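For reference, coords12.txt (compact mmCIF, C-alpha atoms and all ligand atoms):
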```
# COMPACT_ATOMS: atom_id res chain seq x y z
CA MET A 1 9.09 -19.26 10.13
CA ARG A 2 10.15 -22.41 8.31
CA ILE A 3 8.64 -23.53 4.98
CA ASP A 4 9.37 -27.01 3.58
CA ILE A 5 8.35 -27.41 -0.06
CA LEU A 6 7.93 -30.92 -1.52
CA THR A 7 8.17 -31.18 -5.30
CA VAL A 8 9.36 -33.37 -8.17
CA VAL A 9 10.98 -30.32 -9.84
CA PRO A 10 12.77 -28.32 -7.10
CA GLU A 11 14.85 -26.44 -9.68
CA SER A 12 11.72 -24.64 -10.89
CA LEU A 13 11.39 -22.82 -7.54
CA VAL A 14 15.02 -21.92 -6.90
CA SER A 15 15.40 -18.65 -8.77
CA PHE A 16 12.09 -17.24 -7.59
CA LEU A 17 12.68 -18.00 -3.92
CA ASN A 18 16.25 -16.68 -4.06
CA THR A 19 15.32 -13.30 -5.53
CA SER A 20 13.86 -10.10 -4.18
CA ILE A 21 11.75 -10.19 -1.00
CA PRO A 22 11.86 -13.99 -0.32
CA ALA A 23 15.68 -13.81 -0.66
CA ARG A 24 15.90 -10.83 1.67
CA ALA A 25 13.69 -12.52 4.25
CA GLN A 26 15.96 -15.59 4.24
CA LYS A 27 19.12 -13.47 4.54
CA LYS A 28 17.61 -11.64 7.52
CA GLY A 29 16.88 -15.04 9.12
CA LEU A 30 13.13 -14.34 9.20
CA VAL A 31 12.25 -17.36 7.10
CA GLU A 32 13.97 -20.64 6.21
CA ILE A 33 12.88 -22.30 2.99
CA HIS A 34 13.83 -25.93 2.38
CA LEU A 35 13.18 -27.62 -0.97
CA HIS A 36 12.78 -31.40 -1.00
CA ASN A 37 13.02 -33.44 -4.18
CA LEU A 38 10.45 -36.23 -3.87
CA ARG A 39 12.63 -38.47 -6.04
CA ASP A 40 15.08 -38.62 -3.13
CA TYR A 41 12.33 -40.32 -1.10
CA SER A 42 11.50 -43.00 -3.64
CA SER A 43 12.64 -46.48 -2.63
CA ASN A 44 12.34 -47.55 -6.24
CA ALA A 45 15.56 -48.22 -8.22
CA TYR A 46 14.28 -45.89 -10.95
CA LYS A 47 13.45 -43.13 -8.44
CA GLN A 48 9.87 -43.42 -9.62
CA VAL A 49 7.44 -40.90 -8.13
CA ASP A 50 4.36 -41.44 -10.32
CA ASP A 51 2.35 -44.36 -11.63
CA TYR A 52 -0.67 -45.18 -13.80
CA PRO A 53 -4.09 -44.43 -12.33
CA PHE A 54 -6.14 -47.39 -11.08
CA GLY A 55 -9.20 -47.72 -13.28
CA GLY A 56 -7.33 -46.37 -16.31
CA GLY A 57 -7.49 -42.96 -17.92
CA ALA A 58 -5.00 -40.37 -19.09
CA GLY A 59 -2.10 -39.00 -17.07
CA MET A 60 -0.02 -40.22 -14.16
CA VAL A 61 -0.68 -40.00 -10.43
CA MET A 62 1.89 -39.07 -7.78
CA MET A 63 2.56 -42.13 -5.62
CA MET A 64 1.95 -42.10 -1.88
CA GLU A 65 5.23 -43.60 -0.72
CA PRO A 66 7.76 -40.82 -1.54
CA ILE A 67 5.38 -38.13 -0.26
CA VAL A 68 4.58 -39.97 2.97
CA SER A 69 8.28 -40.76 3.61
CA CYS A 70 9.20 -37.11 3.20
CA ILE A 71 6.34 -35.77 5.35
CA GLU A 72 6.97 -38.30 8.11
CA LYS A 73 10.70 -37.56 8.16
CA LEU A 74 9.95 -33.85 8.58
CA GLN A 75 7.26 -34.49 11.21
CA ALA A 76 9.73 -36.56 13.22
CA GLU A 77 12.02 -33.51 13.37
CA ARG A 78 9.47 -30.82 14.34
CA ASN A 79 5.77 -30.07 14.58
CA TYR A 80 4.06 -28.51 11.60
CA ASP A 81 1.15 -26.08 11.84
CA GLU A 82 -0.19 -27.00 8.41
CA ILE A 83 0.54 -29.54 5.67
CA ILE A 84 -0.69 -27.68 2.61
CA TYR A 85 -1.44 -29.19 -0.80
CA MET A 86 -1.47 -26.81 -3.78
CA CYS A 87 -4.27 -27.88 -6.14
CA PRO A 88 -6.86 -26.24 -8.39
CA ASP A 89 -9.74 -27.68 -6.31
CA GLY A 90 -8.53 -26.19 -3.02
CA GLU A 91 -9.79 -23.13 -1.17
CA THR A 92 -8.92 -20.00 -3.17
CA LEU A 93 -6.02 -18.06 -1.67
CA ASN A 94 -6.80 -14.53 -0.53
CA GLN A 95 -5.16 -11.88 1.64
CA LYS A 96 -7.02 -13.06 4.74
CA SER A 97 -5.71 -16.62 4.44
CA ALA A 98 -2.20 -15.31 3.68
CA ASN A 99 -2.37 -13.17 6.85
CA GLY A 100 -3.39 -16.21 8.90
CA LEU A 101 -0.59 -18.38 7.51
CA SER A 102 2.02 -15.64 8.07
CA LEU A 103 1.49 -16.10 11.83
CA LYS A 104 2.41 -19.81 11.75
CA GLY A 105 5.78 -21.30 12.68
CA ASN A 106 6.32 -24.33 10.41
CA LEU A 107 4.58 -25.09 7.14
CA VAL A 108 4.85 -27.93 4.63
CA ILE A 109 3.76 -27.15 1.07
CA LEU A 110 3.23 -30.11 -1.27
CA CYS A 111 3.24 -29.34 -4.99
CA GLY A 112 1.06 -31.55 -7.15
CA HIS A 113 2.25 -32.60 -10.60
CA TYR A 114 0.86 -34.81 -13.37
CA LYS A 115 -2.80 -35.64 -12.58
CA GLY A 116 -2.29 -34.92 -8.89
CA VAL A 117 -1.52 -36.99 -5.81
CA ASP A 118 -3.04 -40.28 -4.67
CA GLU A 119 -6.22 -39.24 -2.84
CA ARG A 120 -5.13 -41.08 0.33
CA VAL A 121 -2.33 -38.50 0.84
CA ARG A 122 -5.02 -35.80 0.92
CA GLU A 123 -7.20 -37.80 3.30
CA HIS A 124 -4.52 -38.75 5.80
CA PHE A 125 -1.82 -36.06 5.73
CA ILE A 126 -3.03 -32.81 4.21
CA THR A 127 -4.55 -30.25 6.59
CA LYS A 128 -5.22 -27.48 4.05
CA GLU A 129 -5.76 -27.43 0.29
CA ILE A 130 -5.09 -24.17 -1.51
CA SER A 131 -5.73 -23.01 -5.08
CA ILE A 132 -4.36 -19.75 -6.46
CA GLY A 133 -7.27 -19.33 -8.89
CA ASP A 134 -9.73 -21.00 -11.20
CA TYR A 135 -7.30 -22.19 -13.83
CA VAL A 136 -5.10 -25.26 -14.11
CA LEU A 137 -1.31 -25.00 -13.98
CA SER A 138 1.05 -27.75 -15.10
CA GLY A 139 2.13 -28.22 -11.50
CA GLY A 140 1.74 -26.75 -8.04
CA GLU A 141 5.24 -25.20 -8.06
CA LEU A 142 4.24 -21.77 -9.34
CA ALA A 143 1.32 -21.81 -6.93
CA ALA A 144 3.70 -22.66 -4.05
CA CYS A 145 5.87 -19.67 -5.03
CA VAL A 146 2.81 -17.42 -5.07
CA LEU A 147 1.67 -18.67 -1.67
CA SER A 148 5.17 -18.41 -0.14
CA ASP A 149 5.64 -14.88 -1.43
CA ALA A 150 2.21 -13.74 -0.19
CA ILE A 151 3.01 -15.14 3.28
CA ILE A 152 6.65 -14.07 3.55
CA ARG A 153 6.04 -10.38 2.77
CA LEU A 154 3.66 -10.28 5.75
CA ILE A 155 6.18 -11.53 8.33
CA PRO A 156 7.10 -8.54 10.53
CA GLY A 157 10.49 -7.12 9.58
CA VAL A 158 10.58 -8.61 6.06
CA ILE A 159 9.51 -5.41 4.35
CA SER A 160 11.63 -2.61 5.80
CA ASP A 161 8.78 -0.11 5.82
CA GLU A 162 6.07 -2.19 7.50
CA GLU A 163 3.56 0.40 6.34
CA SER A 164 4.11 -0.83 2.86
CA ALA A 165 2.71 -4.35 3.41
CA LEU A 166 -0.15 -2.91 5.45
CA SER A 167 -1.15 -0.58 2.63
CA ASP A 168 -1.16 -3.31 -0.02
CA SER A 169 -4.36 -3.92 -1.95
CA PHE A 170 -6.81 -6.20 -0.07
CA GLN A 171 -5.13 -5.65 3.29
CA ASP A 172 -8.17 -3.67 4.48
CA ASP A 173 -10.61 -5.12 1.92
CA LEU A 174 -9.87 -2.16 -0.36
CA LEU A 175 -7.81 -2.03 -3.52
CA ALA A 176 -4.72 0.19 -3.22
CA PRO A 177 -5.01 3.82 -4.43
CA PRO A 178 -3.04 5.00 -7.49
CA VAL A 179 0.62 5.96 -6.97
CA TYR A 180 2.86 8.43 -8.82
CA THR A 181 6.54 9.39 -8.87
CA ARG A 182 8.72 12.02 -10.53
CA PRO A 183 8.39 13.89 -12.83
CA SER A 184 5.27 15.68 -11.58
CA GLU A 185 4.37 16.46 -15.19
CA PHE A 186 5.06 14.25 -18.23
CA ARG A 187 3.72 15.19 -21.70
CA GLY A 188 1.26 17.47 -19.95
CA TRP A 189 -0.09 14.63 -17.74
CA LYS A 190 -0.03 15.93 -14.20
CA VAL A 191 0.15 14.26 -10.82
CA PRO A 192 -2.93 15.14 -8.69
CA ASP A 193 -2.21 18.46 -6.91
CA VAL A 194 -3.04 17.10 -3.47
CA LEU A 195 -0.04 14.71 -3.60
CA LEU A 196 2.31 17.69 -4.11
CA SER A 197 0.64 19.78 -1.38
CA GLY A 198 2.62 18.36 1.56
CA HIS A 199 -0.66 18.29 3.54
CA ALA A 200 -0.58 14.83 5.17
CA LYS A 201 -4.23 14.75 6.28
CA ASN A 202 -5.53 15.77 2.85
CA ILE A 203 -3.26 13.20 1.20
CA ASP A 204 -4.56 10.41 3.51
CA ASN A 205 -8.15 11.42 2.79
CA TRP A 206 -7.53 11.52 -0.94
CA ARG A 207 -5.90 8.07 -0.88
CA TYR A 208 -8.77 6.60 1.08
CA GLU A 209 -11.35 8.08 -1.32
CA GLN A 210 -9.43 6.81 -4.34
CA ALA A 211 -9.13 3.33 -2.79
CA LEU A 212 -12.87 3.31 -2.10
CA GLU A 213 -13.73 4.57 -5.59
CA ARG A 214 -11.45 2.03 -7.26
CA THR A 215 -12.89 -0.81 -5.17
CA LYS A 216 -16.49 0.23 -5.97
CA LEU A 217 -15.66 0.30 -9.65
CA ARG A 218 -13.47 -2.79 -10.00
CA ARG A 219 -14.29 -5.09 -7.09
CA PRO A 220 -17.67 -4.13 -5.58
CA ASP A 221 -17.82 -7.66 -4.06
CA LEU A 222 -15.09 -6.64 -1.58
CA LEU A 223 -17.37 -3.98 -0.06
CA GLU A 224 -20.30 -6.32 0.58
N1 LIG A 301 -1.93 -26.80 -9.41
C1 LIG A 301 -2.45 -26.73 -10.65
N2 LIG A 301 -3.26 -25.68 -10.78
C2 LIG A 301 -3.26 -25.04 -9.59
C3 LIG A 301 -3.91 -23.89 -9.07
N3 LIG A 301 -4.74 -23.15 -9.82
N4 LIG A 301 -3.68 -23.54 -7.80
C4 LIG A 301 -2.86 -24.29 -7.02
N5 LIG A 301 -2.22 -25.38 -7.45
C5 LIG A 301 -2.42 -25.76 -8.71
```

Encoding of this model in C-alpha cells:
Amino acid sequence: MRIDILTVVPESLVSFLNTSIPARAQKKGLVEIHLHNLRDYSSNAYKQVDDYPFGGGAGMVMMMEPIVSCIEKLQAERNYDEIIYMCPDGETLNQKSANGLSLKGNLVILCGHYKGVDERVREHFITKEISIGDYVLSGGELAACVLSDAIIRLIPGVISDEESALSDSFQDDLLAPPVYTRPSEFRGWKVPDVLLSGHAKNIDNWRYEQALERTKLRRPDLLE
C-alpha cells in the first residue's frame, strides 16, 4: 500500500509515522508513506497556501491551486483508490471503514487546516470525507495519523501475530475482553482463575463472555 499525505505542516506527522507499528510496516516494505508539503506546490512567490474567505468572516481558507497541483501530479504517476479529506463534517471513522481502506492499494489523504479547504476541491477531487469524531481539531494532521494507523495495523503481515489485530476491540463488533499479565496476584488482587488454568476452550469461552458483557454494559449500540 502507498499513502500520500498532503499537509501544510508535514513536520507534525513525522515522529508519529516513524514510530512503532507504522515505522515497522514501512521497514517491512508493506506500506510507503509520502508526506507532501503543500507550500511546495504554491506558484506564489510567498508560498501562500491560504487566503481570505469570499464573503468575509473569520479565519483563512486553503487555496485550490496548491492542492490541485499536488493531487494532479500524483494522479499522473499512478491511480488512486481514494482521495480522502480529513474534516469534522465527514463520515465518522470506524473499524469497518478502516478494514475496507486497508484493502486498497493507493490512498491520498488531504489534511485540512485553518477554516478548511475551498469547497471546489471537495466537489471535484475528494472521493471520501472522514472525521475521527465529533470534535474540532486545529488541523487534519492528527486525524490523518489516526486514520493511517488504523489502516496500517490491518495490512496482513504488519502485526507479527495476526491474531492480535483480529482480536482488537470492534473487529467483531465486540469490545475486547480484559487482559492480565504477571504477577498473578498483586496486593491480593488476583487474575481470574480460568486464565491460569491452561484450558484453552474454557479461556476462549470466558473471553467471549467478558467481551459480550463489556459490550452490553459500555456500548450496547454495537449489539443492535
Ligand atoms: N479536522 C479537524 N477536526 C477533525 C476531525 N474531528 N476529524 C477529522 N479531521 C478533522

Query raised in the report: So how many Å separate CA of Gln48 (chain A) and CA of Pro10 (chain A), to one decimal?
Result: 15.6 Å

Requested in this report: Please identify the residues whose atoms come within 7 Å of ligand LIG 301 (chain A), using all atoms listed in the file, and report them as a list in words.
Outcome: Met86, Cys87, Pro88, Gly112, Ile130, Ser131, Ile132, Gly133, Asp134, Tyr135, Val136, Leu137, Ser138, Gly139, Gly140 and Ala143 of chain A

Counting only C-alpha atoms, what are the residues of region 87-193 of chain A within 8 Å of region 208-212 of chain A, and for each of them which pair of atoms is the nearest and at what distance in Å, to one decimal? Sort the table by chain and rising number, as a tab-separated table.
```
residue	atom	partner	partner_atom	distance
A:Leu174	CA	A:Ala211	CA	6.0
A:Leu175	CA	A:Ala211	CA	5.6
A:Ala176	CA	A:Ala211	CA	5.4
A:Pro177	CA	A:Ala211	CA	4.5
A:Pro178	CA	A:Gln210	CA	7.4
```

At a cut-off of 10 Å, can you tabulate as JSON lines every residue of region 98-195 of chain A near region 58-76 of chain A together with its closest atom pair and the distance in Å to one decimal, using all atoms listed in the file and ordering rows by chain then number?
```
{"residue": "A:Val108", "atom": "CA", "partner": "A:Ile71", "partner_atom": "CA", "distance": 8.0}
{"residue": "A:Ile109", "atom": "CA", "partner": "A:Ile71", "partner_atom": "CA", "distance": 10.0}
{"residue": "A:Leu110", "atom": "CA", "partner": "A:Ile67", "partner_atom": "CA", "distance": 8.4}
{"residue": "A:Gly112", "atom": "CA", "partner": "A:Met62", "partner_atom": "CA", "distance": 7.6}
{"residue": "A:His113", "atom": "CA", "partner": "A:Met62", "partner_atom": "CA", "distance": 7.1}
{"residue": "A:Tyr114", "atom": "CA", "partner": "A:Met60", "partner_atom": "CA", "distance": 5.5}
{"residue": "A:Lys115", "atom": "CA", "partner": "A:Val61", "partner_atom": "CA", "distance": 5.3}
{"residue": "A:Gly116", "atom": "CA", "partner": "A:Val61", "partner_atom": "CA", "distance": 5.5}
{"residue": "A:Val117", "atom": "CA", "partner": "A:Met62", "partner_atom": "CA", "distance": 4.5}
{"residue": "A:Asp118", "atom": "CA", "partner": "A:Met62", "partner_atom": "CA", "distance": 6.0}
{"residue": "A:Glu119", "atom": "CA", "partner": "A:Met64", "partner_atom": "CA", "distance": 8.7}
{"residue": "A:Arg120", "atom": "CA", "partner": "A:Met64", "partner_atom": "CA", "distance": 7.5}
{"residue": "A:Val121", "atom": "CA", "partner": "A:Met64", "partner_atom": "CA", "distance": 6.2}
{"residue": "A:Arg122", "atom": "CA", "partner": "A:Met64", "partner_atom": "CA", "distance": 9.8}
{"residue": "A:His124", "atom": "CA", "partner": "A:Val68", "partner_atom": "CA", "distance": 9.6}
{"residue": "A:Phe125", "atom": "CA", "partner": "A:Val68", "partner_atom": "CA", "distance": 8.0}
{"residue": "A:Ile126", "atom": "CA", "partner": "A:Ile71", "partner_atom": "CA", "distance": 9.9}
```

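Coordinates place CA of Glu123 (chain A) at a distance of 25.4 Å from CA of Ile33 (chain A).
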
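Between CA of Asp149 (chain A) and CA of Arg39 (chain A) the separation is 25.0 Å.
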
**Report entry** Near-Leu166 (chain A) list (12 Å; only C-alpha atoms; drop same-chain fewer than 6 positions) as an MDAnalysis selection string
**Finding:** chainID A and resid 95 99 153:156 159:160 172:176

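The environment of Ile21 (chain A) within 10 Å, counting all atoms listed in the file and disregarding residues fewer than 2 places along the same chain, consists of A:Phe16, A:Leu17, A:Asn18, A:Thr19, A:Ala23, A:Arg24, A:Ala25, A:Gln26, A:Lys27, A:Asp149, A:Ile152, A:Arg153, A:Val158, A:Ile159.
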
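With all atoms listed in the file as the atoms that count, the residue of A:Glu129, A:Asp161, A:Glu11, A:Glu32 with the shortest distance to Asp89 (chain A) is A:Glu129.
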
Query raised in the report: Given the choices A:Leu195, A:Ala98, A:Leu103, A:Cys111, which gets closest to Ala150 (chain A) if the distance is worked out from only C-alpha atoms?
Result: A:Ala98

If the box runs along x, y and z of the file and leaves 4 Å on each side of region 76-88 of chain A, what are its centre and edge lengths in Å, one decimal, as JSON?
```
{"center_x": 2.6, "center_y": -31.3, "center_z": 3.1, "size_x": 26.9, "size_y": 18.5, "size_z": 31.0}
```

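For the set A:Arg78, A:Arg187, A:Lys28, A:Arg214, the residue with the smallest atom-to-atom gap to Leu107 (chain A) is A:Arg78, counting all atoms listed in the file.
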
Requested in this report: Compare A:Leu6, A:Leu147, A:Leu13, A:Leu196 by their minimum atom-to-atom distance to Gly100 (chain A), counting all atoms listed in the file, and give me the closest one.
Outcome: A:Leu147

Report summary line: Ser169 (chain A) proximity check over A:Asn94, A:Ser197, A:Thr181, A:Ser12, using all atoms listed in the file: winner is A:Asn94
